[in-house]
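Reviewing the structure listed below.
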Amino acid sequence: MKWSVDFTSRAKSDLPAPPGYCPINNSVQSDVTNQTDGNLLIKKCWEVALAPIKQVPMNIVIMYMAGNSISIFPIMMVGMLIVRPIKALFTLSSSFKMIEGHQVLGQKFIYFIGNIVNIVLALYKCQSMGLLPSHSSDWLSFVLPQTRIEYSSGGVVYS
């Protein structure tokens, strides 16, 4: 058979080394690679830990654009802003299971704080929309609701 090649009969010493390959430096490269892999793993874990904090400015802009009206869009935005960090807090250990060492506690703490900040942002938005019971008249029927001190409207003069 003219076009067949038998790989079992050939020994390793028959083939020349590829250009740039040096078998002596093999062990040095593996040590450097292991150290680099560890640094990359730590860097990736810090990126995971800082992700909720990086989402805060974006969430502030989204909540501002959603407005304070009680309609489906702002309620969906607030609902997702509450649900996502709570889900992330429940999966905290699985998010960081790939790392071990002395930096794990700090990374988990930063991740936890970032998610708590997002939850506080969602609760503030709920309060500004009037969805949170923040006055005693909201849950007690015998207490009168707060009276407005001032009314304002644009462009109309009342006489």
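Identifiers for the structure tokens are assigned positionally: chains receive A, B, ... in sequence, residues are indexed from 1 per chain, and ligands are indexed from 1 in the order shown.
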
Point to revise | segment 117-155 of chain A: residues DSSP assigns to alpha helix (DSSP H), reported as an MDAnalysis selection string | key: chainID A and resid 117:129

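Taking only C-alpha atoms, the non-local environment of Val56 of chain A within 12 Å (same-chain residues fewer than 3 positions away omitted) comprises Leu50, Ala51, Pro52, Ile53, Asn59, Ile60, Val61, Ile62, Met63, Leu81, Pro85, Ile113, Gly114, Asn115, Ile116, Val117, Asn118, Ile119, Val120, Leu121 and Ala122 of chain A.
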
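Here the question is which of A:Ala49, A:Val83, A:Ser69, A:Pro145 gets nearest to Gly106 of chain A using only C-alpha atoms, and that residue is A:Ala49.
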
Exercise for review: Measuring atom to atom with only C-alpha atoms, identify which of A:Tyr21, A:Tyr124, A:Phe112, A:Trp3 is nearest to Ile86 of chain A.
Suggested key: A:Phe112

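Computed from the coordinates, the atom CA of Gln55 of chain A to atom CA of Ser71 of chain A distance equals 23.7 Å.
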
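Reported to one decimal place, the separation of atom CA of Leu123 of chain A from atom CA of Glu150 of chain A is 25.8 Å.
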